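Source file: protein.cif (mmCIF, C-alpha atoms)
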data_run
#
loop_
_atom_site.label_atom_id
_atom_site.label_comp_id
_atom_site.auth_asym_id
_atom_site.auth_seq_id
_atom_site.Cartn_x
_atom_site.Cartn_y
_atom_site.Cartn_z
CA MET C 699 48.07 -107.19 36.95
CA GLN C 700 47.20 -110.87 37.33
CA ASP C 701 46.20 -111.16 33.66
CA GLU C 702 49.53 -109.70 32.59
CA HIS C 703 51.41 -112.15 34.82
CA GLN C 704 49.39 -115.01 33.37
CA TYR C 705 50.21 -114.02 29.79
CA TRP C 706 53.95 -113.83 30.34
CA MET C 707 54.14 -116.85 32.63
CA LYS C 708 52.35 -118.95 30.04
CA ARG C 709 55.09 -118.05 27.57
CA CYS C 710 57.71 -119.05 30.16
CA PHE C 711 56.20 -122.52 30.40
CA GLU C 712 56.09 -122.82 26.63
CA LEU C 713 59.84 -122.12 26.63
CA ALA C 714 60.30 -124.60 29.48
CA GLN C 715 58.48 -127.36 27.59
CA ALA C 716 60.61 -126.70 24.53
CA ALA C 717 63.75 -126.97 26.66
CA GLU C 718 62.57 -130.25 28.17
CA SER C 719 61.93 -131.68 24.70
CA ARG C 720 65.62 -131.00 23.94
CA GLY C 721 66.81 -132.82 27.05
CA GLU C 722 67.37 -129.68 29.12
CA SER C 723 65.93 -128.81 32.51
CA PRO C 724 62.39 -127.45 31.98
CA VAL C 725 62.96 -123.76 32.69
CA GLY C 726 61.97 -120.75 30.60
CA SER C 727 62.49 -117.05 31.34
CA LEU C 728 61.87 -113.67 29.78
CA LEU C 729 62.39 -109.99 30.54
CA VAL C 730 59.58 -107.46 30.13
CA ARG C 731 59.61 -103.67 30.38
CA ASN C 732 56.44 -101.57 30.25
CA GLY C 733 54.50 -104.46 28.74
CA GLU C 734 57.06 -105.10 25.97
CA LEU C 735 59.23 -108.17 25.63
CA LEU C 736 62.97 -107.39 25.87
CA SER C 737 64.31 -110.94 25.64
CA GLN C 738 63.48 -114.58 26.23
CA ALA C 739 65.49 -117.75 26.70
CA ALA C 740 65.22 -121.38 27.69
CA GLU C 741 67.60 -123.55 29.66
CA SER C 742 70.56 -124.49 27.44
CA SER C 743 73.34 -125.70 29.76
CA ARG C 744 73.66 -129.10 28.09
CA ALA C 745 73.50 -127.82 24.54
CA LYS C 746 76.17 -125.16 25.19
CA GLY C 747 78.25 -127.21 27.59
CA ASP C 748 78.05 -124.23 29.94
CA ILE C 749 76.78 -124.71 33.47
CA THR C 750 75.94 -121.00 33.71
CA ALA C 751 73.57 -121.06 30.69
CA HIS C 752 70.45 -121.04 32.82
CA ALA C 753 67.27 -119.61 31.33
CA GLU C 754 67.38 -116.52 33.58
CA THR C 755 71.05 -115.69 32.91
CA GLU C 756 70.60 -116.24 29.17
CA ALA C 757 67.58 -113.93 29.04
CA ILE C 758 69.40 -111.23 31.03
CA ARG C 759 72.55 -111.57 28.92
CA LEU C 760 70.52 -111.24 25.72
CA ALA C 761 68.66 -108.17 27.01
CA VAL C 762 71.87 -106.42 28.01
CA GLN C 763 73.53 -107.20 24.69
CA THR C 764 70.61 -106.12 22.51
CA THR C 765 69.24 -103.12 24.41
CA GLN C 766 72.45 -101.72 25.91
CA ALA C 767 70.20 -100.79 28.81
CA GLY C 768 72.61 -101.33 31.67
CA PRO C 769 70.70 -101.71 34.95
CA LEU C 770 67.22 -103.06 34.47
CA SER C 771 65.51 -101.56 37.51
CA ASP C 772 62.28 -100.92 35.58
CA ALA C 773 62.10 -104.44 34.09
CA THR C 774 60.39 -107.62 35.28
CA LEU C 775 61.97 -111.04 34.99
CA TYR C 776 59.43 -113.85 34.53
CA THR C 777 60.68 -117.38 35.07
CA SER C 778 59.01 -120.76 35.40
CA ARG C 779 61.16 -121.73 38.39
CA GLU C 780 62.50 -119.90 41.42
CA PRO C 781 65.93 -118.50 40.44
CA CYS C 782 68.92 -120.37 41.85
CA LEU C 783 71.83 -118.69 43.64
CA LEU C 784 73.75 -118.25 40.38
CA CYS C 785 70.82 -116.51 38.70
CA ALA C 786 70.09 -114.44 41.80
CA TYR C 787 73.62 -112.99 41.65
CA VAL C 788 73.05 -111.84 38.04
CA ILE C 789 69.58 -110.49 38.84
CA ARG C 790 70.93 -108.45 41.75
CA HIS C 791 73.94 -107.25 39.76
CA TYR C 792 71.69 -105.76 37.07
CA ARG C 793 69.23 -104.51 39.71
CA ILE C 794 66.17 -105.98 38.01
CA GLY C 795 63.15 -104.39 39.67
CA GLN C 796 60.76 -107.35 39.86
CA VAL C 797 60.98 -111.12 39.66
CA VAL C 798 57.89 -113.30 39.08
CA TYR C 799 58.40 -117.05 39.40
CA ALA C 800 56.23 -120.19 39.61
CA GLU C 801 57.75 -123.40 40.97
CA ARG C 802 60.01 -123.43 44.00
CA GLY C 803 63.64 -124.29 43.40
CA GLY C 804 64.57 -126.49 46.35
CA GLN C 805 67.63 -125.96 48.54
CA THR C 806 69.44 -123.85 45.94
CA GLY C 807 66.45 -121.55 45.46
CA SER C 808 67.28 -117.93 46.16
CA VAL C 809 63.92 -117.14 47.79
CA HIS C 810 62.88 -120.22 49.80
CA GLY C 811 66.22 -122.05 49.84
CA ALA C 812 68.98 -122.14 52.45
CA TYR C 813 70.46 -118.83 51.26
CA PRO C 814 67.79 -116.28 50.18
CA LEU C 815 70.23 -114.26 48.10
CA LEU C 816 67.47 -112.65 46.04
CA LEU C 817 65.96 -111.06 49.15
CA THR C 818 69.00 -110.08 51.19
CA GLU C 819 69.66 -106.43 52.02
CA GLN C 820 73.11 -107.09 53.51
CA ILE C 821 75.06 -106.41 50.31
CA GLY C 822 74.89 -102.65 49.97
CA THR C 823 76.46 -102.42 46.51
CA TRP C 824 73.46 -104.24 45.05
CA GLY C 825 70.92 -101.74 46.23
CA PRO C 826 67.45 -102.78 47.44
CA PRO C 827 66.22 -106.29 46.55
CA PRO C 828 63.71 -106.74 43.74
CA ARG C 829 60.01 -107.13 44.36
CA VAL C 830 59.48 -110.89 44.34
CA VAL C 831 56.15 -112.41 43.33
CA GLY C 832 55.31 -116.10 43.56
CA TYR C 833 52.77 -116.81 40.83
CA ASP C 834 51.11 -120.14 40.12
CA LEU C 835 49.86 -120.53 36.57
CA VAL C 836 46.51 -122.33 36.59
CA GLU C 837 45.01 -123.20 33.19
CA ILE C 838 41.77 -125.06 32.48
CA LEU C 839 42.00 -126.86 29.15
CA ASP C 840 39.56 -128.76 27.00
CA TYR C 841 40.28 -132.48 27.03
CA LEU C 842 42.38 -133.83 24.16
CA PRO C 843 42.98 -137.50 23.24
CA GLY C 844 46.57 -137.19 24.46
CA HIS C 845 45.27 -136.41 27.96
CA GLN C 846 43.67 -139.85 28.38
CA PRO C 847 46.49 -141.51 30.40
CA VAL C 848 46.58 -138.63 32.89
CA PHE C 849 42.77 -138.45 33.00
CA GLN C 850 42.61 -142.16 33.82
CA ALA C 851 45.40 -142.04 36.41
CA LEU C 852 43.88 -139.07 38.24
CA ASN C 853 40.43 -140.64 38.43
CA GLU C 854 41.66 -144.10 39.39
CA ALA C 855 43.69 -142.60 42.25
CA TRP C 856 40.67 -140.61 43.49
CA ILE C 857 38.24 -143.55 43.22
CA CYS C 858 40.64 -145.92 45.01
CA GLU C 859 41.12 -143.34 47.76
CA HIS C 860 37.40 -142.93 48.46
CA PHE C 861 35.59 -145.92 46.92
CA ARG C 862 36.45 -149.05 44.96
CA LEU C 863 37.47 -149.20 41.32
CA ASP C 864 35.05 -151.40 39.40
CA PRO C 865 35.02 -152.63 35.79
CA VAL C 866 32.57 -149.90 34.76
CA ASP C 867 34.99 -147.23 35.99
CA VAL C 868 37.84 -148.83 34.06
CA ALA C 869 35.77 -148.94 30.86
CA VAL C 870 34.80 -145.25 31.13
CA LEU C 871 38.27 -144.04 32.08
CA SER C 872 40.05 -146.00 29.37
CA ASN C 873 37.71 -144.66 26.67
CA PRO C 874 36.10 -141.34 27.74
CA GLU C 875 35.49 -140.42 24.12
CA GLU C 876 32.98 -143.26 23.83
CA HIS C 877 31.35 -143.02 27.26
CA ILE C 878 31.29 -139.25 27.91
CA LEU C 879 32.16 -137.13 24.87
CA ARG C 880 30.23 -139.05 22.20
CA ASN C 881 26.91 -138.27 23.91
CA GLY C 882 27.63 -134.53 24.03
CA GLY C 883 29.49 -134.48 27.35
CA ARG C 884 32.57 -132.39 28.03
CA LEU C 885 35.83 -133.00 29.85
CA PHE C 886 38.33 -130.48 31.19
CA MET C 887 41.90 -130.72 32.47
CA ALA C 888 43.62 -128.48 35.02
CA ARG C 889 47.24 -127.60 34.29
CA TYR C 890 49.25 -126.22 37.20
CA ASN C 891 52.59 -124.63 36.36
CA GLY C 892 52.77 -126.67 33.18
CA ARG C 893 51.70 -130.01 34.73
CA LEU C 894 48.32 -131.73 34.27
CA VAL C 895 47.08 -132.33 37.82
CA GLY C 896 43.26 -132.23 37.77
CA THR C 897 40.16 -133.02 35.76
CA CYS C 898 36.38 -132.86 35.78
CA GLY C 899 33.58 -133.31 33.29
CA LEU C 900 29.99 -132.70 32.34
CA LEU C 901 28.01 -135.86 31.68
CA ARG C 902 24.90 -135.31 29.55
CA VAL C 903 21.94 -137.11 31.12
CA GLU C 904 19.17 -135.25 29.26
CA ALA C 905 19.02 -132.80 26.36
CA SER C 906 19.51 -129.78 28.62
CA ARG C 907 20.74 -131.37 31.83
CA PHE C 908 24.28 -132.27 32.81
CA GLU C 909 25.87 -133.75 35.89
CA PHE C 910 29.35 -133.11 37.20
CA THR C 911 31.47 -136.20 36.77
CA ARG C 912 35.02 -137.44 37.10
CA MET C 913 36.31 -134.65 39.37
CA ALA C 914 39.81 -135.48 40.59
CA VAL C 915 42.90 -133.52 41.64
CA GLU C 916 46.31 -135.03 42.31
CA ARG C 917 46.84 -135.25 46.06
CA ALA C 918 49.99 -133.10 46.14
CA TYR C 919 48.13 -130.24 44.44
CA ARG C 920 44.96 -130.17 46.54
CA GLY C 921 44.21 -127.01 48.51
CA LYS C 922 45.39 -124.75 45.68
CA GLY C 923 41.93 -123.89 44.31
CA LEU C 924 42.12 -126.26 41.34
CA GLY C 925 38.85 -128.01 42.14
CA LYS C 926 37.09 -124.67 42.39
CA ALA C 927 38.62 -123.48 39.11
CA LEU C 928 37.52 -126.67 37.35
CA ALA C 929 33.97 -126.48 38.75
CA LEU C 930 33.52 -122.81 37.85
CA HIS C 931 34.81 -123.42 34.33
CA ALA C 932 32.46 -126.38 33.89
CA LEU C 933 29.50 -124.28 35.05
CA SER C 934 30.39 -121.47 32.66
CA VAL C 935 30.58 -123.94 29.77
CA ALA C 936 27.25 -125.44 30.81
CA ARG C 937 25.63 -122.00 30.61
CA LEU C 938 27.04 -121.49 27.12
CA LEU C 939 25.52 -124.84 26.14
CA ASP C 940 22.10 -123.49 27.21
CA VAL C 941 21.88 -125.96 30.07
CA HIS C 942 19.05 -125.22 32.50
CA ASP C 943 20.88 -126.66 35.46
CA THR C 944 23.95 -128.65 36.37
CA SER C 945 23.70 -130.86 39.42
CA SER C 946 26.77 -131.38 41.53
CA VAL C 947 26.55 -132.41 45.18
CA THR C 948 24.27 -135.35 46.00
CA VAL C 949 22.69 -135.91 49.42
CA VAL C 950 21.31 -138.98 51.18
CA SER C 951 20.49 -139.92 54.77
CA GLU C 952 22.23 -142.77 56.54
CA ALA C 953 18.81 -144.10 57.57
CA THR C 954 17.70 -144.34 53.92
CA LEU C 955 20.69 -146.50 53.06
CA ALA C 956 20.04 -148.63 56.14
CA SER C 957 16.38 -149.01 55.17
CA LEU C 958 17.32 -150.15 51.70
CA ARG C 959 19.80 -152.58 53.19
CA GLU C 960 16.95 -154.23 55.13
CA ALA C 961 15.50 -155.30 51.77
CA MET C 962 18.94 -156.65 50.75
CA PRO C 963 20.58 -157.84 53.99
CA PHE C 964 23.37 -159.55 52.08
CA ILE C 965 24.71 -156.07 51.14
CA GLY C 966 26.54 -154.29 53.95
CA LEU C 967 25.98 -150.62 54.71
CA GLU C 968 29.47 -149.65 53.54
CA GLN C 969 28.94 -151.46 50.23
CA MET C 970 25.57 -149.72 49.88
CA ARG C 971 27.39 -146.40 50.24
CA LEU C 972 29.85 -147.41 47.52
CA ARG C 973 27.02 -148.30 45.16
CA PHE C 974 25.37 -144.86 45.37
CA ARG C 975 28.41 -142.63 46.09
CA ALA C 976 26.57 -139.70 47.66
CA ASN C 977 28.66 -136.62 48.44
CA ILE C 978 26.88 -135.76 51.71
CA GLU C 979 25.38 -138.26 54.14
CA ILE C 980 23.07 -136.98 56.88
CA ALA C 981 22.86 -138.86 60.18
CA GLY C 982 20.30 -138.60 62.98
CA VAL C 983 17.22 -138.27 60.74
CA PRO C 984 14.53 -140.81 59.73
CA PRO C 985 14.63 -142.72 56.42
CA TYR C 986 13.92 -140.62 53.32
CA TRP C 987 14.27 -137.35 55.28
CA GLU C 988 16.33 -136.00 52.35
CA GLU C 989 13.14 -135.88 50.27
CA HIS C 990 12.30 -132.72 52.24
CA LEU C 991 15.05 -131.10 50.14
CA PHE C 992 12.95 -130.89 46.96
CA GLY C 993 9.33 -130.10 46.14
CA GLU C 994 7.01 -130.97 43.29
CA PRO C 995 8.60 -131.02 39.82
CA GLY C 996 9.79 -127.48 39.10
CA LYS C 997 10.14 -126.56 42.77
CA GLY C 998 13.32 -126.74 44.81
CA VAL C 999 14.27 -126.15 48.43
CA LEU C 1000 17.04 -123.99 49.83
CA PHE C 1001 18.81 -125.55 52.80
CA ARG C 1002 21.96 -124.94 54.81
CA ALA C 1003 24.65 -127.46 55.75
CA ARG C 1004 26.81 -125.76 58.37
CA GLU C 1005 27.87 -122.47 56.73
CA VAL C 1006 26.97 -123.44 53.15
CA THR C 1007 23.59 -122.82 51.48
CA LEU C 1008 22.56 -125.30 48.77
CA LEU C 1009 19.56 -125.71 46.51
CA GLY C 1010 17.87 -129.11 46.48
CA MET C 1011 16.36 -129.79 43.05
CA ARG C 1012 15.15 -133.34 42.47
CA PRO C 1013 15.70 -137.02 43.26
CA ARG C 1014 18.46 -138.56 41.21
CA ALA C 1015 17.30 -141.28 38.85
CA ARG C 1016 19.79 -144.10 39.08
CA CYS C 1017 21.69 -145.74 36.24
CA ASN C 1018 23.16 -149.22 35.83
CA VAL C 1019 25.93 -148.66 38.40
CA PRO C 1020 24.17 -149.41 41.76
CA PRO C 1021 23.26 -152.99 40.75
CA ARG C 1022 26.95 -153.77 40.29
CA ASN C 1023 29.04 -155.06 43.17
CA PRO C 1024 31.69 -152.33 43.71
CA PHE C 1025 34.30 -154.97 44.57
CA THR C 1026 33.75 -157.56 41.84
CA GLY C 1027 31.77 -155.71 39.16
CA GLU C 1028 29.18 -158.52 39.12
CA THR C 1029 25.64 -157.31 38.35
CA ASP C 1030 22.76 -158.26 40.65
CA LYS C 1031 19.88 -158.68 38.21
CA GLN C 1032 17.33 -158.46 41.05
CA PHE C 1033 18.74 -155.26 42.57
CA VAL C 1034 16.46 -152.78 40.77
CA LYS C 1035 13.37 -154.89 41.49
CA ARG C 1036 14.25 -155.15 45.19
CA MET C 1037 15.00 -151.43 45.43
CA VAL C 1038 11.71 -150.42 43.77
CA SER C 1039 9.78 -152.84 45.97
CA SER C 1040 11.49 -151.47 49.08
CA HIS C 1041 10.58 -147.90 48.11
CA GLN C 1042 6.95 -148.79 47.47
CA GLU C 1043 6.65 -150.45 50.88
CA SER C 1044 8.62 -148.02 53.05
CA LEU C 1045 8.31 -144.54 51.53
CA PRO C 1046 6.41 -142.09 53.76
CA ALA C 1047 2.95 -141.00 52.63
CA TRP C 1048 4.19 -137.50 51.84
CA SER C 1049 6.91 -138.73 49.43
CA ARG C 1050 6.91 -137.00 46.03
CA LEU C 1051 9.13 -139.60 44.37
CA GLU C 1052 6.42 -141.02 42.12
CA ALA C 1053 5.87 -137.57 40.54
CA PHE C 1054 9.41 -137.76 39.12
CA GLY C 1055 8.83 -140.82 36.99
CA GLY C 1056 9.28 -143.85 39.18
CA TYR C 1057 10.83 -145.42 42.24
CA TYR C 1058 14.30 -146.22 40.90
CA SER C 1059 15.77 -143.07 42.44
CA LEU C 1060 18.00 -142.44 45.43
CA THR C 1061 19.93 -139.39 46.71
CA VAL C 1062 18.98 -135.78 46.01
CA ASP C 1063 20.55 -133.61 43.31
CA THR C 1064 21.56 -130.20 44.59
CA PHE C 1065 23.04 -127.05 43.11
CA ILE C 1066 25.62 -124.79 44.75
CA PRO C 1067 24.82 -121.07 44.21
CA ASP C 1068 27.66 -118.83 43.07
CA THR C 1069 27.62 -117.06 46.45
CA GLU C 1070 28.69 -120.27 48.19
CA ARG C 1071 31.60 -121.31 46.03
CA GLY C 1072 34.86 -121.60 47.91
CA LYS C 1073 33.18 -122.36 51.27
CA CYS C 1074 33.69 -125.63 53.12
CA ILE C 1075 31.12 -128.14 54.38
CA ARG C 1076 32.58 -129.71 57.52
CA LEU C 1077 31.60 -132.83 59.38
CA GLY C 1078 29.11 -132.42 62.19
CA GLY C 1079 26.56 -129.70 62.74
CA PRO C 1080 22.96 -129.27 61.68
CA VAL C 1081 21.25 -129.28 58.31
CA LYS C 1082 18.53 -126.61 58.24
CA ILE C 1083 15.76 -126.22 55.66
CA LEU C 1084 15.35 -122.55 54.69
CA ALA C 1085 12.68 -121.98 52.04
CA PRO C 1086 11.01 -123.42 48.92
CA VAL C 1087 11.96 -121.83 45.59
CA GLU C 1088 10.80 -121.99 41.98
CA LEU C 1089 13.31 -123.68 39.67
CA PRO C 1090 14.03 -122.06 36.27
CA LEU C 1091 12.33 -123.73 33.35
#

Would you mind writing the structure in this file as structure tokens?
Amino acid sequence: MQDEHQYWMKRCFELAQAAESRGESPVGSLLVRNGELLSQAAESSRAKGDITAHAETEAIRLAVQTTQAGPLSDATLYTSREPCLLCAYVIRHYRIGQVVYAERGGQTGSVHGAYPLLLTEQIGTWGPPPRVVGYDLVEILDYLPGHQPVFQALNEAWICEHFRLDPVDVAVLSNPEEHILRNGGRLFMARYNGRLVGTCGLLRVEASRFEFTRMAVERAYRGKGLGKALALHALSVARLLDVHDTSSVTVVSEATLASLREAMPFIGLEQMRLRFRANIEIAGVPPYWEEHLFGEPGKGVLFRAREVTLLGMRPRARCNVPPRNPFTGETDKQFVKRMVSSHQESLPAWSRLEAFGGYYSLTVDTFIPDTERGKCIRLGGPVKILAPVELPL
């Protein structure tokens, strides 16, 4: 049933967008019976000079006039916004059997508003209320050039919330075609009830290896599963591109960052965090403990963080971002040299870092198995190593 709702609701939002382009309120509605379209209409109050010409009332009026069906108890009304009190009266009068809506309608909404007219059973002449379904239309779209302003705004808001926006970020966000897409990367946008509210991407780092990048969801729309939908879509696209693996969550220990800071005491611990931007930081372990989370090249390690099981794969080779001051964008030309020297002097004897091509690496790339998607990693609690595993070639 969800696929059918999605199909019809998508058409409602197409009608709503058309109405908005004409200066009307962005509402679109249609009536469906047994999988067949009876009528459709968009908001037209301004064009007709008629305050009652709401999308729902227009669609119902058109259905009654063209089908001569009388009561519509076996029909479903789809509408992009919760029907208002006016529309609820018409819906109840014609005894429409089901109403599926997306956005809430505020105080005049007939479901969640001050007077839930669509749900009341106190008016006997109307018969039983319709079955009411709240349905949020979530669409994952391929990035288009016209999405750039929203893509940039979403990412800048997320970066400023958690880190610091630096000149490199601004360059990438203002021209993602050059910095992400040109090299074979992909970008995706999440549209929620007709509004672009989220994004993520796949950044190509090797011929058959991608990294998640630029994941951001507008604050007001978090907690609605949009991040999960974006991540799952990106993974499915990566598989179609014949990608062997797609790294997502990165892990580092607090002690490793502190150890590196000893080689560069002029960089504070918080700034060191901003330079490497790890997703998970582990406290209470010795420096470089996170290297227990991967084996020799081709071998990974399963581990558990609270209730979530992850697969550690490899150390992450760093790019030209860590040498840049996250506050000023100024590049420290000695940063890489100091970092490599620090690794060579302080890495434990059992470290496998050299087998991965050098010492300019920090944090561990991990992969989230499909069985773990949707779970939460919460602060506090142990990290437990489970078992070594062979990575796919």

Point-to-point distance in Å for atom CA of Val809 of chain C and atom CA of Asp748 of chain C: 23.8 Å

For Gly726 of chain C, the nearest of the candidates C:Gln738, C:Ser1039, C:Thr823, C:Gln704, counting all atoms listed in the file: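 Smallest distance to Gly726 of chain C is found for C:Gln738.
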
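Of the listed residues C:Glu801, C:Glu1070, C:Glu916, C:Glu1028, the one whose atoms come nearest to Ala714 of chain C is C:Glu801, with distances taken using all atoms listed in the file.
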
Selection result for the PyMOL selection byres ((chain C and resi 769-784) around 7) on this file, as number ranges by chain: C: 706-707, 710-711, 725-731, 754, 767-768, 785-788, 792-803, 806-808, 815

The PyMOL selection byres ((chain C and resi 968-984) around 7) applied to the shown file, residues as a PyMOL selection string: chain C and resi 861+947-953+955+965-967+985-987+1019-1020+1024+1061

Selection result of the PyMOL selection byres ((chain C and resi 892-894) around 10) on this file, as a ChimeraX atom specification: /C:707-708,710-712,714-715,724,778,800-801,834-839,845,848-849,852,887-891,895-897,915-916

Computed interatomic separation between atom CA of Ala757 of chain C and atom CA of Leu736 of chain C (Å):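 Value for the atom CA of Ala757 of chain C-atom CA of Leu736 of chain C distance: 8.6 Å.
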
Might you pull out every residue within 9 Å of Pro1086 of chain C, with only C-alpha atoms counted and same-chain residues fewer than 2 positions away left off, and present them as an mmCIF file with C-alpha atoms, in the frame of the given file?
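Once everything was written out, this is out16.cif:
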data_model
loop_
_atom_site.group_PDB
_atom_site.id
_atom_site.type_symbol
_atom_site.label_atom_id
_atom_site.label_comp_id
_atom_site.auth_asym_id
_atom_site.auth_seq_id
_atom_site.Cartn_x
_atom_site.Cartn_y
_atom_site.Cartn_z
ATOM 1 C CA LEU C 991 15.050 -131.100 50.140
ATOM 2 C CA PHE C 992 12.950 -130.890 46.960
ATOM 3 C CA GLY C 993 9.330 -130.100 46.140
ATOM 4 C CA LYS C 997 10.140 -126.560 42.770
ATOM 5 C CA GLY C 998 13.320 -126.740 44.810
ATOM 6 C CA VAL C 999 14.270 -126.150 48.430
ATOM 7 C CA LEU C 1000 17.040 -123.990 49.830
ATOM 8 C CA PHE C 1001 18.810 -125.550 52.800
ATOM 9 C CA ILE C 1083 15.760 -126.220 55.660
ATOM 10 C CA LEU C 1084 15.350 -122.550 54.690
ATOM 11 C CA GLU C 1088 10.800 -121.990 41.980
#

Distance in Å - atom CA of Cys898 of chain C versus atom CA of Gly925 of chain C: 8.4 Å

What are the centre and edge lengths in Å, to one decimal, of the axis-aligned box around all listed atoms of segment 734-753 of chain C with 5 Å added on each side, as AutoDock Vina command-line options?
--center_x 67.7 --center_y -117.1 --center_z 29.1 --size_x 31.2 --size_y 34.0 --size_z 19.2

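Take the candidates C:Thr954, C:Thr911, C:Ser934, C:Ser723 and check each one against Ile857 of chain C using all atoms listed in the file; the shortest distance goes to C:Thr911.
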
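Proximity of C:Ser719, C:Met962, C:Ala936, C:Leu1045 to Asp1030 of chain C, computed with all atoms listed in the file, is greatest for C:Met962.
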